[in-house]
file model.csv (CSV, C-alpha atoms)
chain,number,residue,atom,x,y,z
A,184,MET,CA,-29.7,10.8,53.3
A,185,VAL,CA,-29.6,14.4,52.0
A,186,ALA,CA,-32.6,16.7,51.4
A,187,THR,CA,-33.1,20.4,50.7
A,188,VAL,CA,-34.9,22.6,53.1
A,189,GLU,CA,-37.7,22.9,50.5
A,190,GLU,CA,-38.1,19.1,50.4
A,191,ILE,CA,-38.2,19.0,54.2
A,192,ALA,CA,-40.8,21.7,54.3
A,193,ALA,CA,-43.0,19.6,51.9
A,194,LEU,CA,-42.4,16.5,54.1
A,195,VAL,CA,-43.7,18.2,57.3
A,196,ARG,CA,-46.2,20.4,55.5
A,197,GLY,CA,-44.7,23.6,56.8
A,198,ARG,CA,-44.3,27.1,55.5
A,199,LEU,CA,-40.9,27.9,54.2
A,200,VAL,CA,-39.2,31.2,54.9
A,201,GLY,CA,-35.8,31.8,53.4
A,202,ASP,CA,-33.6,29.8,51.1
A,203,GLY,CA,-35.1,26.4,50.3
A,204,LYS,CA,-32.2,25.2,48.2
A,205,VAL,CA,-29.9,24.7,51.3
A,206,SER,CA,-28.9,21.1,51.6
A,207,ILE,CA,-29.5,19.3,54.9
A,208,HIS,CA,-27.9,16.0,55.9
A,209,SER,CA,-28.9,15.5,59.5
A,210,ALA,CA,-31.3,16.8,62.2
A,211,ARG,CA,-29.7,17.7,65.6
A,212,PRO,CA,-30.7,19.7,68.7
A,213,VAL,CA,-29.9,23.4,68.6
A,214,SER,CA,-27.0,23.2,71.0
A,215,GLU,CA,-25.2,20.6,68.8
A,216,ALA,CA,-26.3,21.5,65.3
A,217,GLY,CA,-23.7,22.7,62.8
A,218,PRO,CA,-23.5,23.5,59.1
A,219,GLY,CA,-25.7,21.2,57.1
A,220,ASP,CA,-27.9,20.4,60.1
A,221,ILE,CA,-31.5,21.4,60.7
A,222,THR,CA,-32.6,22.0,64.3
A,223,PHE,CA,-35.8,23.1,66.0
A,224,ILE,CA,-37.1,25.7,68.5
A,225,GLU,CA,-40.4,25.0,70.3
A,226,SER,CA,-41.0,28.6,71.5
A,227,GLU,CA,-39.6,32.1,71.2
A,228,ARG,CA,-38.4,31.7,74.8
A,229,PHE,CA,-35.5,29.5,73.4
A,230,ALA,CA,-35.0,31.5,70.2
A,231,LYS,CA,-31.8,33.1,71.7
A,232,LEU,CA,-30.1,29.7,71.3
A,233,LEU,CA,-30.0,30.3,67.6
A,234,ARG,CA,-27.6,33.2,68.1
A,235,VAL,CA,-24.8,30.8,68.7
A,236,SER,CA,-26.0,27.9,66.6
A,237,HIS,CA,-24.3,27.1,63.3
A,238,ALA,CA,-27.4,25.2,62.0
A,239,SER,CA,-28.3,25.7,58.4
A,240,ALA,CA,-32.1,25.7,59.0
A,241,ALA,CA,-34.6,25.5,61.8
A,242,ILE,CA,-38.1,24.2,62.4
A,243,VAL,CA,-40.1,26.7,64.4
A,244,GLY,CA,-43.6,27.4,65.7
A,245,PRO,CA,-46.2,29.3,63.7
A,246,HIS,CA,-45.7,32.7,65.3
A,247,PHE,CA,-41.9,32.6,65.5
A,248,SER,CA,-40.1,35.9,64.8
A,249,MET,CA,-36.5,35.8,63.5
A,250,ASN,CA,-36.0,39.2,65.2
A,251,CYS,CA,-35.9,37.5,68.6
A,252,ALA,CA,-33.2,35.2,67.5
A,253,GLU,CA,-30.9,38.1,66.4
A,254,SER,CA,-29.2,35.9,63.9
A,255,GLU,CA,-26.3,37.5,62.0
A,256,GLU,CA,-27.1,35.7,58.8
A,257,PRO,CA,-30.6,34.9,57.4
A,258,LEU,CA,-31.6,31.4,58.4
A,259,ALA,CA,-34.0,29.2,56.5
A,260,VAL,CA,-36.9,28.3,58.7
A,261,ILE,CA,-39.9,26.1,58.4
A,262,GLU,CA,-43.0,27.1,60.3
A,263,VAL,CA,-45.2,24.3,61.7
A,264,GLU,CA,-47.8,23.8,64.4
A,265,ASP,CA,-45.7,21.3,66.4
A,266,PRO,CA,-41.9,21.8,65.9
A,267,MET,CA,-40.9,18.8,68.0
A,268,THR,CA,-43.1,16.3,66.1
A,269,ALA,CA,-41.9,17.7,62.8
A,270,PHE,CA,-38.3,17.5,63.9
A,271,LEU,CA,-38.6,13.9,64.9
A,272,ARG,CA,-40.2,13.1,61.5
A,273,VAL,CA,-37.3,14.8,59.7
A,274,ARG,CA,-34.7,13.0,61.8
A,275,ASP,CA,-36.3,9.7,60.9
A,276,HIS,CA,-36.5,10.6,57.3
A,277,LEU,CA,-32.8,11.7,57.1
A,278,GLY,CA,-31.7,8.5,58.8
A,279,ARG,CA,-33.3,6.1,56.4
A,280,SER,CA,-30.0,5.4,54.7
A,281,ARG,CA,-29.3,2.9,57.5
A,282,ALA,CA,-29.0,-0.8,56.7
A,283,PRO,CA,-32.4,-2.5,56.1
A,284,ARG,CA,-34.0,-4.3,59.0
A,285,TRP,CA,-33.0,-8.0,59.2
A,286,SER,CA,-35.7,-10.6,59.5
A,287,GLY,CA,-35.7,-14.4,59.9
A,288,VAL,CA,-35.0,-16.9,62.7
A,289,HIS,CA,-31.3,-17.1,63.7
A,290,PRO,CA,-29.9,-20.7,63.9
A,291,GLN,CA,-29.0,-20.1,67.5
A,292,ALA,CA,-32.5,-19.1,68.5
A,293,PHE,CA,-35.2,-21.6,69.7
A,294,VAL,CA,-38.6,-21.4,68.2
A,295,ALA,CA,-41.1,-24.2,69.2
A,296,PRO,CA,-42.6,-26.1,66.2
A,297,THR,CA,-46.1,-25.2,67.3
A,298,ALA,CA,-45.4,-21.4,67.4
A,299,THR,CA,-46.8,-19.2,64.7
A,300,LEU,CA,-44.7,-16.5,63.1
A,301,GLY,CA,-46.0,-13.7,60.9
A,302,ASP,CA,-44.3,-12.1,57.9
A,303,GLY,CA,-41.1,-10.3,58.5
A,304,VAL,CA,-40.5,-11.6,62.1
A,305,ALA,CA,-37.0,-11.4,63.4
A,306,VAL,CA,-35.8,-13.8,66.1
A,307,TYR,CA,-32.2,-13.1,67.2
A,308,PRO,CA,-29.6,-15.5,68.6
A,309,LEU,CA,-30.4,-17.1,72.0
A,310,ALA,CA,-34.0,-16.0,72.0
A,311,TYR,CA,-36.7,-18.4,73.0
A,312,VAL,CA,-40.2,-18.7,71.6
A,313,GLY,CA,-42.4,-21.3,73.4
A,314,ASP,CA,-45.2,-23.6,72.3
A,315,GLU,CA,-48.3,-22.1,70.8
A,316,ALA,CA,-46.9,-18.6,70.9
A,317,VAL,CA,-48.1,-16.3,68.1
A,318,LEU,CA,-45.8,-13.5,66.7
A,319,GLY,CA,-47.5,-11.0,64.5
A,320,PRO,CA,-46.0,-9.5,61.3
A,321,GLY,CA,-42.9,-7.4,61.9
A,322,VAL,CA,-42.2,-8.6,65.4
A,323,THR,CA,-38.6,-8.3,66.6
A,324,ILE,CA,-37.3,-10.6,69.4
A,325,TYR,CA,-33.8,-9.6,70.5
A,326,PRO,CA,-31.1,-11.9,71.9
A,327,GLY,CA,-31.8,-13.6,75.2
A,328,ALA,CA,-35.5,-12.6,75.2
A,329,VAL,CA,-38.0,-15.3,76.4
A,330,ILE,CA,-41.5,-15.5,74.9
A,331,GLY,CA,-43.4,-18.1,77.0
A,332,GLU,CA,-45.9,-20.7,75.9
A,333,GLY,CA,-49.2,-19.3,74.5
A,334,CYS,CA,-48.0,-15.7,74.4
A,335,VAL,CA,-49.6,-13.5,71.6
A,336,LEU,CA,-47.7,-10.6,70.2
A,337,GLY,CA,-49.4,-8.2,67.8
A,338,ARG,CA,-48.0,-6.4,64.7
A,339,ASP,CA,-44.5,-4.7,65.0
A,340,CYS,CA,-43.9,-5.5,68.6
A,341,ILE,CA,-40.3,-5.2,69.9
A,342,VAL,CA,-39.0,-7.3,72.8
A,343,HIS,CA,-35.5,-6.2,73.8
A,344,PRO,CA,-32.6,-8.4,75.1
A,345,ASN,CA,-33.3,-10.5,78.2
A,346,ALA,CA,-36.9,-9.4,78.6
A,347,VAL,CA,-39.2,-12.2,79.8
A,348,LEU,CA,-42.8,-12.8,78.9
A,349,TYR,CA,-44.3,-15.5,81.1
A,350,PRO,CA,-46.8,-17.9,79.5
A,351,GLY,CA,-50.1,-16.4,78.2
A,352,VAL,CA,-49.0,-12.7,78.1
A,353,VAL,CA,-50.8,-10.8,75.4
A,354,LEU,CA,-49.3,-7.7,73.6
A,355,GLY,CA,-51.3,-5.5,71.2
A,356,ASP,CA,-49.8,-3.9,68.1
A,357,ARG,CA,-46.6,-1.8,68.3
A,358,VAL,CA,-45.9,-2.7,71.9
A,359,GLU,CA,-42.2,-2.2,72.9
A,360,ILE,CA,-40.7,-4.0,75.9
A,361,HIS,CA,-37.2,-2.9,77.0
A,362,ALA,CA,-34.3,-5.0,78.3
A,363,GLY,CA,-34.6,-6.9,81.6
A,364,THR,CA,-38.4,-6.4,82.0
A,365,VAL,CA,-40.5,-9.3,83.3
A,366,LEU,CA,-44.1,-9.5,82.3
A,367,GLY,CA,-46.7,-11.9,83.7
A,368,GLY,CA,-45.0,-13.2,86.8
A,369,ASP,CA,-47.1,-14.2,89.8
A,370,GLY,CA,-48.5,-11.5,92.0
A,371,PHE,CA,-47.5,-11.2,95.6
A,372,GLY,CA,-50.5,-13.1,97.0
A,373,TYR,CA,-50.4,-15.3,100.1
A,374,ARG,CA,-52.8,-16.5,102.8
A,375,GLN,CA,-51.8,-17.6,106.3
A,376,HIS,CA,-52.7,-21.1,107.4
A,377,GLU,CA,-51.5,-22.6,110.7
A,378,GLY,CA,-48.7,-20.1,111.0
A,379,ARG,CA,-47.4,-20.5,107.5
A,380,HIS,CA,-47.7,-18.3,104.4
A,381,LEU,CA,-49.4,-20.3,101.6
A,382,LYS,CA,-49.0,-19.1,98.0
A,383,ILE,CA,-52.2,-18.2,96.2
A,384,PRO,CA,-51.9,-19.6,92.6
A,385,HIS,CA,-52.2,-16.9,89.9
A,386,THR,CA,-54.1,-18.3,87.0
A,387,GLY,CA,-55.1,-15.0,85.3
A,388,ARG,CA,-53.2,-13.3,82.5
A,389,LEU,CA,-51.6,-10.0,81.6
A,390,VAL,CA,-52.7,-7.8,78.6
A,391,LEU,CA,-50.9,-4.8,77.2
A,392,GLU,CA,-53.0,-2.9,74.7
A,393,ASN,CA,-51.8,-1.2,71.5
A,394,ASP,CA,-48.8,1.3,71.6
A,395,VAL,CA,-47.8,0.6,75.1
A,396,GLU,CA,-44.1,1.0,75.9
A,397,VAL,CA,-42.5,-0.5,79.0
A,398,GLY,CA,-39.0,0.6,80.1
A,399,SER,CA,-36.1,-1.5,81.4
A,400,ASN,CA,-36.2,-3.7,84.5
A,401,CYS,CA,-39.9,-3.3,85.2
A,402,THR,CA,-42.3,-5.9,86.5
A,403,ILE,CA,-46.0,-6.3,85.8
A,404,ASP,CA,-47.7,-9.2,87.4
A,405,ARG,CA,-50.5,-11.4,86.0
A,406,ALA,CA,-53.9,-11.4,87.6
A,407,THR,CA,-55.0,-13.8,90.3
A,408,PHE,CA,-58.0,-15.0,88.3
A,409,GLU,CA,-58.9,-12.7,85.4
A,410,GLU,CA,-56.5,-10.2,84.0
A,411,THR,CA,-54.1,-7.4,84.7
A,412,ARG,CA,-54.5,-4.8,81.9
A,413,ILE,CA,-52.4,-1.9,80.7
A,414,GLY,CA,-54.4,0.6,78.6
A,415,GLU,CA,-53.6,1.8,75.1
A,416,GLY,CA,-50.8,4.2,74.6
A,417,THR,CA,-49.6,4.1,78.2
A,418,LYS,CA,-45.8,4.7,78.7
A,419,ILE,CA,-44.0,3.2,81.6
A,420,ASP,CA,-40.5,4.3,82.6
A,421,ASN,CA,-37.7,2.1,84.0
A,422,LEU,CA,-37.8,0.4,87.3
A,423,VAL,CA,-41.6,0.5,87.7
A,424,MET,CA,-43.6,-2.2,89.6
A,425,ILE,CA,-47.2,-2.9,88.8
A,426,GLY,CA,-49.0,-5.5,91.0
A,427,HIS,CA,-51.6,-8.1,90.1
A,428,ASN,CA,-55.2,-7.4,89.1
A,429,ASN,CA,-54.5,-3.7,88.2
A,430,LYS,CA,-56.4,-1.9,85.5
A,431,ILE,CA,-54.2,0.9,84.2
A,432,GLY,CA,-56.0,3.3,81.9
A,433,ARG,CA,-55.2,4.7,78.5
A,434,HIS,CA,-52.3,7.1,77.8
A,435,ASN,CA,-51.0,7.0,81.4
A,436,LEU,CA,-47.4,8.1,82.1
A,437,LEU,CA,-45.7,6.2,84.9
A,438,CYS,CA,-42.3,7.6,85.8
A,439,GLY,CA,-39.3,5.8,87.3
A,440,GLN,CA,-39.7,3.8,90.5
A,441,VAL,CA,-43.4,4.1,90.7
A,442,GLY,CA,-45.1,1.3,92.6
A,443,VAL,CA,-48.7,0.3,92.2
A,444,ALA,CA,-50.0,-2.3,94.6
A,445,GLY,CA,-52.6,-4.9,93.6
A,446,SER,CA,-56.2,-4.4,92.4
A,447,CYS,CA,-55.9,-0.7,91.7
A,448,LYS,CA,-57.6,1.1,88.8
A,449,THR,CA,-56.6,4.3,87.0
A,450,GLY,CA,-58.4,6.5,84.5
A,451,ASP,CA,-57.1,7.9,81.3
A,452,HIS,CA,-54.2,10.4,81.0
A,453,VAL,CA,-53.0,9.9,84.5
A,454,VAL,CA,-49.4,11.0,85.3
A,455,MET,CA,-47.5,9.5,88.2
A,456,ALA,CA,-44.1,11.2,89.0
A,457,GLY,CA,-41.1,9.4,90.2
A,458,GLN,CA,-41.3,7.1,93.3
A,459,ALA,CA,-45.0,7.6,93.7
A,460,GLY,CA,-46.7,4.7,95.6
A,461,ILE,CA,-50.3,3.6,95.2
A,462,LYS,CA,-52.0,1.6,98.0
A,463,ASP,CA,-53.8,-1.6,97.0
A,464,ASN,CA,-57.5,-1.3,96.0
A,465,THR,CA,-57.2,2.4,95.2
A,466,GLN,CA,-59.0,4.1,92.3
A,467,ILE,CA,-57.6,7.1,90.5
A,468,GLY,CA,-59.7,9.2,88.2
A,469,ASN,CA,-59.0,10.7,84.8
A,470,ARG,CA,-56.3,13.3,84.2
A,471,VAL,CA,-54.9,13.0,87.7
A,472,MET,CA,-51.4,14.1,88.5
A,473,VAL,CA,-49.6,12.3,91.3
A,474,GLY,CA,-46.5,14.1,92.5
A,475,ALA,CA,-43.1,12.7,93.1
A,476,GLN,CA,-42.8,10.4,96.2
A,477,ALA,CA,-46.5,10.8,96.9
A,478,GLY,CA,-48.2,8.1,98.9
A,479,VAL,CA,-51.7,7.6,97.6
A,480,HIS,CA,-53.8,5.8,100.3
A,481,ARG,CA,-57.3,6.7,99.2
A,482,ASN,CA,-59.3,7.2,96.0
A,483,VAL,CA,-58.6,10.3,93.9
A,484,GLY,CA,-61.3,11.9,91.8
A,485,ASP,CA,-61.0,13.3,88.2
A,486,ASP,CA,-58.7,16.3,87.4
A,487,GLN,CA,-56.9,16.5,90.8
A,488,ASN,CA,-53.2,17.1,91.5
A,489,VAL,CA,-52.0,15.3,94.7
A,490,LEU,CA,-48.7,15.4,96.5
A,491,GLY,CA,-47.1,14.3,99.7
A,492,SER,CA,-47.4,11.2,101.9
A,493,PRO,CA,-50.2,10.7,102.6
A,494,ALA,CA,-51.2,12.4,99.4
A,495,THR,CA,-53.4,15.4,99.6
A,496,PRO,CA,-54.5,18.0,97.1
A,497,LEU,CA,-51.7,20.3,95.8
A,498,ARG,CA,-53.1,23.4,97.4
A,499,GLU,CA,-53.0,21.8,100.9
A,500,GLN,CA,-49.5,20.5,100.4
A,501,ARG,CA,-48.3,24.0,99.4
A,502,ARG,CA,-49.6,25.4,102.6
A,503,LEU,CA,-47.9,22.7,104.5
A,504,PHE,CA,-44.6,23.3,102.7
A,505,GLN,CA,-44.9,27.0,103.5
A,506,MET,CA,-45.4,26.2,107.2
A,507,LEU,CA,-42.4,23.9,107.2
A,508,THR,CA,-40.1,26.7,106.0
A,509,ARG,CA,-41.4,28.8,108.9
A,510,LEU,CA,-40.7,26.2,111.5
A,511,PRO,CA,-37.3,27.5,112.6
A,512,ASP,CA,-38.7,31.0,113.2
A,513,MET,CA,-41.8,29.6,114.9
A,514,HIS,CA,-39.5,27.5,117.2
A,515,ARG,CA,-37.4,30.5,118.1
A,516,GLN,CA,-40.6,32.5,118.9
A,517,LEU,CA,-41.9,29.7,121.0
A,518,ARG,CA,-38.7,29.6,123.0
A,519,GLU,CA,-38.9,33.4,123.6
A,520,LEU,CA,-42.5,33.2,124.6
A,521,THR,CA,-41.8,30.3,126.9
A,522,SER,CA,-39.0,32.3,128.6
A,523,LYS,CA,-41.3,35.3,129.0
A,524,VAL,CA,-44.1,33.3,130.4
A,525,ALA,CA,-41.7,31.6,132.9
A,526,SER,CA,-40.4,35.1,133.9
A,527,LEU,CA,-43.9,36.5,134.4
A,528,THR,CA,-45.0,33.4,136.3
A,529,ALA,CA,-42.0,33.6,138.6
A,530,ARG,CA,-42.6,37.3,139.2
A,531,ALA,CA,-46.3,36.7,140.0
A,532,GLY,CA,-45.2,33.9,142.4
A,533,LEU,CA,-43.0,36.3,144.3
A,534,GLU,CA,-45.8,38.8,144.6
A,535,SER,CA,-48.2,36.2,145.9
A,536,ALA,CA,-45.6,34.9,148.4
A,537,LYS,CA,-45.4,38.3,150.3
A,538,PRO,CA,-47.3,38.2,153.8
A,539,LEU,CA,-50.4,40.2,154.1
A,540,ALA,CA,-51.4,42.2,157.2
A,541,PRO,CA,-54.7,41.2,158.9
A,542,ALA,CA,-57.6,43.5,158.1
A,543,ASN,CA,-58.0,44.7,161.9
A,544,GLN,CA,-54.2,45.2,162.3
A,545,PRO,CA,-52.7,48.7,161.9
A,546,ALA,CA,-50.5,49.1,158.9
A,547,ASP,CA,-47.6,50.3,161.0
A,548,PRO,CA,-46.0,47.2,162.7
A,549,GLU,CA,-44.5,49.5,165.5
A,550,THR,CA,-48.0,50.6,166.6
A,551,LYS,CA,-49.4,48.6,169.5
A,552,SER,CA,-53.0,48.3,170.3
A,553,PRO,CA,-54.1,49.6,173.7
A,554,GLU,CA,-54.5,47.0,176.5

call {"tool": "encode", "arguments": {"input": "model.csv", "output": "structure tokens"}}
result
Amino acid sequence: MVATVEEIAALVRGRLVGDGKVSIHSARPVSEAGPGDITFIESERFAKLLRVSHASAAIVGPHFSMNCAESEEPLAVIEVEDPMTAFLRVRDHLGRSRAPRWSGVHPQAFVAPTATLGDGVAVYPLAYVGDEAVLGPGVTIYPGAVIGEGCVLGRDCIVHPNAVLYPGVVLGDRVEIHAGTVLGGDGFGYRQHEGRHLKIPHTGRLVLENDVEVGSNCTIDRATFEETRIGEGTKIDNLVMIGHNNKIGRHNLLCGQVGVAGSCKTGDHVVMAGQAGIKDNTQIGNRVMVGAQAGVHRNVGDDQNVLGSPATPLREQRRLFQMLTRLPDMHRQLRELTSKVASLTARAGLESAKPLAPANQPADPETKSPE
């Protein structure tokens, strides 16, 4: 699809500066953009990238100055409050010439007779939809995906190849599950009886609220009795494990290889960086940031940043890191001090080992007392 800069400015409701008649056929990052492309710059700190860019137009922030870009030729720019969001919208708009979305049930897919399918559902080859499953309007099930018995998927959900939804999993609207992810498997729950580990049946369910996205090869377990719940708008990276009975808040960000043990609860807008681990039965407040590889073993209140293992507030960890960098010097100083102390101790020992004359004896050993 082709659009003029003027049409794009109207689309994103931005302020046009420069030639609005320039034709744009694609939206690309500034390092890859060429003639006929529109790019974006989020802040003036990156404006110098426009010096070497051959883009025909740019989407910029509201206070952007073309002087800082030092462009040889006048460049058409569109000023908006959020350049990234506007750029994504333009990129989607220019790509609408793609083939229309296919819908229907492929002959090589299996859909149980008791399943309910909404309008515009697409079930690709080798996909499985079990008994009593409900697929809302616009749902897409890609090849090899498994939708278990009694699952409920809301409007416009996407389940990518080879993802598995165990029976009874519930997805809200616009939930996206990437390839290889397993939702609703049994939690890791056992009790010991007569020297053996006996499995605890998991009869609860798993619920993902609206606009949740789960990356590839993740696992989220069902609850033991009630439900595991992932809050609205939460985004989960690849290779994340979430145990049974967890209550993950709204708009959380869980980065790659995060592990959350069972029966934890997080507030809203929590961020967990890569490889962070959360101990079971831990509560994390709103707007908490958990640093990479942190081990959270106790509750964390609202608005805290924690780091390290065991995780402690960021200020304390910074002090520890500073001390760690000084350890080689401290070790050298300790060795020098130990050597000096040993030398002083040896010298003091020699002084104390010298014989002392009796108090009534003359100082001169050659002098004899009269008989």

call {"tool": "atom_distance", "arguments": {"input": "model.csv", "atom1": "atom CA of Val483 of chain A", "atom2": "atom CA of Phe408 of chain A"}}
result
25.9 Å

call {"tool": "residues_around", "arguments": {"input": "model.csv", "residues": "His208 of chain A", "least_positions_apart": "5", "cutoff": "7 Å", "atoms": "only C-alpha atoms", "output": "count of residues only"}}
result
6

call {"tool": "residues_around", "arguments": {"input": "model.csv", "residues": "Pro257 of chain A", "least_positions_apart": "5", "cutoff": "12 Å", "atoms": "only C-alpha atoms", "output": "JSON, numbers by chain"}}
result
{"A": [200, 201, 202, 203, 205, 233, 234, 237, 238, 239, 240, 241, 249, 250, 252]}

call {"tool": "closest_residue", "arguments": {"input": "model.csv", "among": "A:Ala259, A:Arg338, A:Val317, A:Ala192", "to": "Arg272 of chain A", "atoms": "only C-alpha atoms"}}
result
A:Ala192

call {"tool": "residues_around", "arguments": {"input": "model.csv", "residues": "Thr323 of chain A", "least_positions_apart": "6", "cutoff": "12 Å", "atoms": "all atoms listed in the file", "output": "compact mmCIF listing (two decimals) with C-alpha atoms, in the frame of the given file"}}
result
# COMPACT_ATOMS: atom_id res chain seq x y z
CA ARG A 284 -34.00 -4.30 59.00
CA TRP A 285 -33.00 -8.00 59.20
CA SER A 286 -35.70 -10.60 59.50
CA GLY A 287 -35.70 -14.40 59.90
CA VAL A 288 -35.00 -16.90 62.70
CA HIS A 289 -31.30 -17.10 63.70
CA LEU A 300 -44.70 -16.50 63.10
CA GLY A 301 -46.00 -13.70 60.90
CA ASP A 302 -44.30 -12.10 57.90
CA GLY A 303 -41.10 -10.30 58.50
CA VAL A 304 -40.50 -11.60 62.10
CA ALA A 305 -37.00 -11.40 63.40
CA VAL A 306 -35.80 -13.80 66.10
CA TYR A 307 -32.20 -13.10 67.20
CA PRO A 308 -29.60 -15.50 68.60
CA ALA A 310 -34.00 -16.00 72.00
CA VAL A 312 -40.20 -18.70 71.60
CA ILE A 330 -41.50 -15.50 74.90
CA LEU A 336 -47.70 -10.60 70.20
CA GLY A 337 -49.40 -8.20 67.80
CA ARG A 338 -48.00 -6.40 64.70
CA ASP A 339 -44.50 -4.70 65.00
CA CYS A 340 -43.90 -5.50 68.60
CA ILE A 341 -40.30 -5.20 69.90
CA VAL A 342 -39.00 -7.30 72.80
CA HIS A 343 -35.50 -6.20 73.80
CA PRO A 344 -32.60 -8.40 75.10
CA ARG A 357 -46.60 -1.80 68.30
CA VAL A 358 -45.90 -2.70 71.90
CA GLU A 359 -42.20 -2.20 72.90
CA ILE A 360 -40.70 -4.00 75.90
CA HIS A 361 -37.20 -2.90 77.00

call {"tool": "residues_around", "arguments": {"input": "model.csv", "residues": "segment 435-443 of chain A", "least_positions_apart": "4", "cutoff": "6 Å", "atoms": "only C-alpha atoms", "output": "list in words"}}
result
Thr417, Lys418, Ile419, Asp420, Asn421, Leu422, Val423, Met424, Ile425, Gly426, His452, Val453, Val454, Met455, Ala456, Gly457, Gln458, Ala459, Gly460 and Ile461 of chain A

call {"tool": "residues_around", "arguments": {"input": "model.csv", "residues": "Cys334 of chain A", "least_positions_apart": "4", "cutoff": "10 Å", "atoms": "only C-alpha atoms", "output": "PDB file with C-alpha atoms, in the coordinates of the input"}}
result
ATOM      1  CA  ALA A 298     -45.400 -21.400  67.400  1.00  0.00           C
ATOM      2  CA  VAL A 312     -40.200 -18.700  71.600  1.00  0.00           C
ATOM      3  CA  GLY A 313     -42.400 -21.300  73.400  1.00  0.00           C
ATOM      4  CA  ASP A 314     -45.200 -23.600  72.300  1.00  0.00           C
ATOM      5  CA  GLU A 315     -48.300 -22.100  70.800  1.00  0.00           C
ATOM      6  CA  ALA A 316     -46.900 -18.600  70.900  1.00  0.00           C
ATOM      7  CA  VAL A 317     -48.100 -16.300  68.100  1.00  0.00           C
ATOM      8  CA  LEU A 318     -45.800 -13.500  66.700  1.00  0.00           C
ATOM      9  CA  ILE A 330     -41.500 -15.500  74.900  1.00  0.00           C
ATOM     10  CA  LEU A 348     -42.800 -12.800  78.900  1.00  0.00           C
ATOM     11  CA  TYR A 349     -44.300 -15.500  81.100  1.00  0.00           C
ATOM     12  CA  PRO A 350     -46.800 -17.900  79.500  1.00  0.00           C
ATOM     13  CA  GLY A 351     -50.100 -16.400  78.200  1.00  0.00           C
ATOM     14  CA  VAL A 352     -49.000 -12.700  78.100  1.00  0.00           C
ATOM     15  CA  VAL A 353     -50.800 -10.800  75.400  1.00  0.00           C
ATOM     16  CA  LEU A 354     -49.300  -7.700  73.600  1.00  0.00           C
ATOM     17  CA  ARG A 388     -53.200 -13.300  82.500  1.00  0.00           C
ATOM     18  CA  LEU A 389     -51.600 -10.000  81.600  1.00  0.00           C
TER      19      LEU A 389
END

call {"tool": "atom_distance", "arguments": {"input": "model.csv", "atom1": "atom CA of Ala230 of chain A", "atom2": "atom CA of Gly197 of chain A"}}
result
18.3 Å

call {"tool": "atom_distance", "arguments": {"input": "model.csv", "atom1": "atom CA of Val395 of chain A", "atom2": "atom CA of Leu366 of chain A"}}
result
12.9 Å

call {"tool": "closest_residue", "arguments": {"input": "model.csv", "among": "A:His246, A:Lys382, A:Lys462, A:Arg198", "to": "Ser492 of chain A", "atoms": "all atoms listed in the file"}}
result
A:Lys462

call {"tool": "closest_residue", "arguments": {"input": "model.csv", "among": "A:Met513, A:Ala529, A:Cys401, A:Leu381", "to": "Gly367 of chain A", "atoms": "all atoms listed in the file"}}
result
A:Cys401

call {"tool": "closest_residue", "arguments": {"input": "model.csv", "among": "A:Ile413, A:Val524, A:Val335, A:Val260", "to": "Lys430 of chain A", "atoms": "only C-alpha atoms"}}
result
A:Ile413
